[in-house]
Amino acid sequence: DQQVKQNSPSLSVQEGRISILNCDYTNSMFDYFLWYKKYPAEGPTFLISISSIKDKNEDGRFTVFLNKSAKHLSLHIVPSQPGDSAVYFCAASAPDSSYKLIFGSGTRLLVRP
Amino acid sequence: GAVVSQHPSWVICKSGTSVKIECRSLDFQATTMFWYRQFPKQSLMLMATSNEGSKATYEQGVEKDKFLINHASLTLSTLTVTSAHPEDSSFYICSASLGGQLQPQHFGDGTRLSIL
């Protein structure tokens, strides 16, 4: 039972354009959501997070949107750069879960020069 | 800040040996650390939660006698894969958090374990 789903295994965008990565979840108890970027043979790097009391959080080129009613979140990268090419994981945690993160399956982003 | 160091980054060893992987929080204290496993082209699967000064909490299906976890200090957790076999070959990653529910986990660079 996948509680966090990333239905797009890959995404290709042109440099300078917007990248939109999507994530759906099923557990309504999740209250904290995160996006990580990962290169092969490296650990994930934290990008941005959002708590369930917000619907948007922005940090530079990265913006995360949360739609609680739809149990959906998305990561927008504007403008996309070739260095953004990596695998992006969304993750979620619930209160009283000992801070455990549940990860999606990842989306491989390719930004074409 | 919030740097997590993992060592070694790559291990190749014979079947039947035990392998220890270290995870250190370099610039903060972590009462809780996490150990994940990632198979090729798959997501990160939580194996266990490591609590300083107490026993680790293992996820369902993870053999606690196979994957020994010790969290002896606020900056160090170790994962020992005992009597490793080829099916234990994987990418193991640790993480630590500054603490609190709304704090991100910060990850080490992972350990590639190959059992021959």
# chains A, B, ... in the order shown; residues from 1 in each chain; ligands from 1
$ residues_around --residues "stretch 73-85 of chain B" --least-positions-apart "2" --cutoff "8 Å" --atoms "only C-alpha atoms" --output "NGL selection string"
:B and (14-26 or 28-31 or 33 or 35 or 50 or 52-53 or 65-71 or 87-89 or 115-116)
$ residues_around --residues "B:Ile93" --least-positions-apart "3" --cutoff "9 Å" --atoms "only C-alpha atoms" --output "ChimeraX atom specification"
/A:42-44 /B:6,23,34-38,44,107-112
$ write_last_selection --atoms "all heavy atoms" --output "short mmCIF file (atom, residue, chain, number, x, y, z; two decimals), in the first residue's frame"
data_model
loop_
_atom_site.label_atom_id
_atom_site.label_comp_id
_atom_site.auth_asym_id
_atom_site.auth_seq_id
_atom_site.Cartn_x
_atom_site.Cartn_y
_atom_site.Cartn_z
N GLU A 42 24.45 8.93 -4.24
CA GLU A 42 24.55 9.94 -3.19
C GLU A 42 23.28 9.91 -2.36
O GLU A 42 22.24 9.39 -2.77
CB GLU A 42 24.72 11.35 -3.78
CG GLU A 42 26.03 11.57 -4.49
CD GLU A 42 26.19 13.01 -4.96
OE1 GLU A 42 25.38 13.86 -4.57
OE2 GLU A 42 27.12 13.26 -5.73
N GLY A 43 23.36 10.49 -1.16
CA GLY A 43 22.17 10.60 -0.35
C GLY A 43 21.27 11.72 -0.84
O GLY A 43 21.72 12.62 -1.55
N PRO A 44 20.00 11.70 -0.49
CA PRO A 44 19.09 12.77 -0.90
C PRO A 44 19.47 14.10 -0.25
O PRO A 44 19.93 14.14 0.89
CB PRO A 44 17.73 12.29 -0.37
CG PRO A 44 17.88 10.83 -0.14
CD PRO A 44 19.30 10.63 0.24
N GLN B 6 28.56 9.74 6.37
CA GLN B 6 28.39 8.29 6.40
C GLN B 6 29.66 7.64 5.90
O GLN B 6 30.27 8.09 4.92
CB GLN B 6 27.20 7.91 5.53
CG GLN B 6 26.71 6.49 5.71
CD GLN B 6 25.41 6.24 4.98
OE1 GLN B 6 24.63 7.15 4.73
NE2 GLN B 6 25.16 4.99 4.63
N CYS B 23 27.27 6.36 10.83
CA CYS B 23 26.54 7.56 10.47
C CYS B 23 26.76 8.60 11.56
O CYS B 23 26.47 8.34 12.74
CB CYS B 23 25.05 7.26 10.34
SG CYS B 23 24.02 8.67 9.89
N PHE B 34 17.95 7.61 11.33
CA PHE B 34 17.17 6.65 10.55
C PHE B 34 18.08 5.92 9.57
O PHE B 34 19.01 6.49 9.03
CB PHE B 34 16.06 7.36 9.77
CG PHE B 34 15.13 8.17 10.64
CD1 PHE B 34 15.43 9.48 10.97
CD2 PHE B 34 13.97 7.61 11.13
CE1 PHE B 34 14.59 10.23 11.77
CE2 PHE B 34 13.11 8.35 11.93
CZ PHE B 34 13.43 9.66 12.25
N TRP B 35 17.75 4.68 9.33
CA TRP B 35 18.48 3.89 8.35
C TRP B 35 17.54 3.45 7.24
O TRP B 35 16.46 2.91 7.51
CB TRP B 35 19.13 2.66 9.00
CG TRP B 35 20.30 3.03 9.86
CD1 TRP B 35 20.32 3.24 11.21
CD2 TRP B 35 21.65 3.26 9.41
NE1 TRP B 35 21.59 3.58 11.63
CE2 TRP B 35 22.42 3.60 10.55
CE3 TRP B 35 22.27 3.21 8.17
CZ2 TRP B 35 23.78 3.88 10.47
CZ3 TRP B 35 23.63 3.49 8.09
CH2 TRP B 35 24.37 3.82 9.23
N TYR B 36 17.96 3.71 6.00
CA TYR B 36 17.17 3.37 4.83
C TYR B 36 17.97 2.43 3.94
O TYR B 36 19.20 2.37 3.99
CB TYR B 36 16.84 4.62 4.02
CG TYR B 36 15.94 5.61 4.70
CD1 TYR B 36 16.45 6.53 5.62
CD2 TYR B 36 14.58 5.66 4.41
CE1 TYR B 36 15.63 7.46 6.23
CE2 TYR B 36 13.76 6.60 5.02
CZ TYR B 36 14.29 7.48 5.93
OH TYR B 36 13.47 8.41 6.53
N ARG B 37 17.23 1.79 3.08
CA ARG B 37 17.83 0.93 2.07
C ARG B 37 17.19 1.28 0.73
O ARG B 37 15.98 1.52 0.67
CB ARG B 37 17.56 -0.53 2.44
CG ARG B 37 18.18 -1.55 1.54
CD ARG B 37 17.96 -2.95 2.12
NE ARG B 37 18.55 -3.96 1.28
CZ ARG B 37 18.57 -5.26 1.57
NH1 ARG B 37 18.02 -5.69 2.71
NH2 ARG B 37 19.13 -6.12 0.75
N GLN B 38 18.01 1.34 -0.31
CA GLN B 38 17.47 1.64 -1.62
C GLN B 38 17.97 0.63 -2.62
O GLN B 38 19.18 0.45 -2.80
CB GLN B 38 17.87 3.05 -2.06
CG GLN B 38 17.22 3.46 -3.38
CD GLN B 38 17.69 4.78 -3.92
OE1 GLN B 38 18.80 5.21 -3.65
NE2 GLN B 38 16.84 5.44 -4.70
N LEU B 44 13.40 4.95 -1.38
CA LEU B 44 14.07 4.68 -0.11
C LEU B 44 13.08 3.99 0.82
O LEU B 44 11.97 4.48 1.05
CB LEU B 44 14.54 5.97 0.55
CG LEU B 44 15.77 6.64 -0.01
CD1 LEU B 44 15.48 7.36 -1.32
CD2 LEU B 44 16.37 7.61 1.00
N PHE B 107 20.45 13.74 5.08
CA PHE B 107 20.97 12.43 4.74
C PHE B 107 22.48 12.41 4.55
O PHE B 107 23.08 13.40 4.10
CB PHE B 107 20.31 11.92 3.45
CG PHE B 107 18.88 11.51 3.64
CD1 PHE B 107 17.86 12.45 3.68
CD2 PHE B 107 18.55 10.17 3.78
CE1 PHE B 107 16.54 12.06 3.87
CE2 PHE B 107 17.23 9.77 3.97
CZ PHE B 107 16.23 10.71 4.01
N GLY B 108 23.05 11.26 4.89
CA GLY B 108 24.42 11.00 4.52
C GLY B 108 24.50 10.66 3.04
O GLY B 108 23.47 10.58 2.36
N ASP B 109 25.70 10.42 2.55
CA ASP B 109 25.89 10.14 1.13
C ASP B 109 25.69 8.67 0.77
O ASP B 109 25.85 8.30 -0.38
CB ASP B 109 27.26 10.62 0.66
CG ASP B 109 27.26 12.09 0.32
OD1 ASP B 109 26.16 12.64 0.09
OD2 ASP B 109 28.34 12.71 0.29
N GLY B 110 25.39 7.86 1.76
CA GLY B 110 25.08 6.47 1.46
C GLY B 110 26.29 5.57 1.42
O GLY B 110 27.44 6.02 1.27
N THR B 111 26.04 4.29 1.55
CA THR B 111 27.07 3.26 1.48
C THR B 111 26.62 2.20 0.49
O THR B 111 25.55 1.60 0.66
CB THR B 111 27.30 2.60 2.85
OG1 THR B 111 27.78 3.58 3.78
CG2 THR B 111 28.31 1.46 2.74
N ARG B 112 27.43 2.00 -0.53
CA ARG B 112 27.16 0.94 -1.50
C ARG B 112 27.78 -0.34 -0.98
O ARG B 112 28.99 -0.44 -0.84
CB ARG B 112 27.75 1.31 -2.85
CG ARG B 112 27.75 0.20 -3.88
CD ARG B 112 26.36 -0.06 -4.42
NE ARG B 112 25.77 1.15 -5.01
CZ ARG B 112 24.48 1.27 -5.29
NH1 ARG B 112 23.66 0.27 -5.04
NH2 ARG B 112 24.02 2.38 -5.82
#
$ residues_around --residues "A:Gly83" --least-positions-apart "4" --cutoff "12 Å" --atoms "only C-alpha atoms" --output "VMD selection string"
chain A and resid 15 to 16 37 to 39 77 79 87 109 to 113
$ atom_distance --atom1 "atom CA of B:Gln105" --atom2 "atom CA of A:Val13"
28.4 Å
$ interface_residues --of "chain A" --to "chain B" --cutoff "7 Å" --atoms "only C-alpha atoms" --output "PyMOL selection string"
chain A and resi 32+41-46+95+99+103-106
$ atom_distance --atom1 "atom CA of A:Ser28" --atom2 "atom CA of A:Ser98"
16.9 Å
$ residues_around --residues "A:Ser51" --least-positions-apart "4" --cutoff "12 Å" --atoms "only C-alpha atoms" --output "count of residues only"
24
$ closest_residue --among "A:Ala86, A:Ala70, A:Val78, A:Ile102" --to "A:Asp24" --atoms "only C-alpha atoms"
A:Ala70
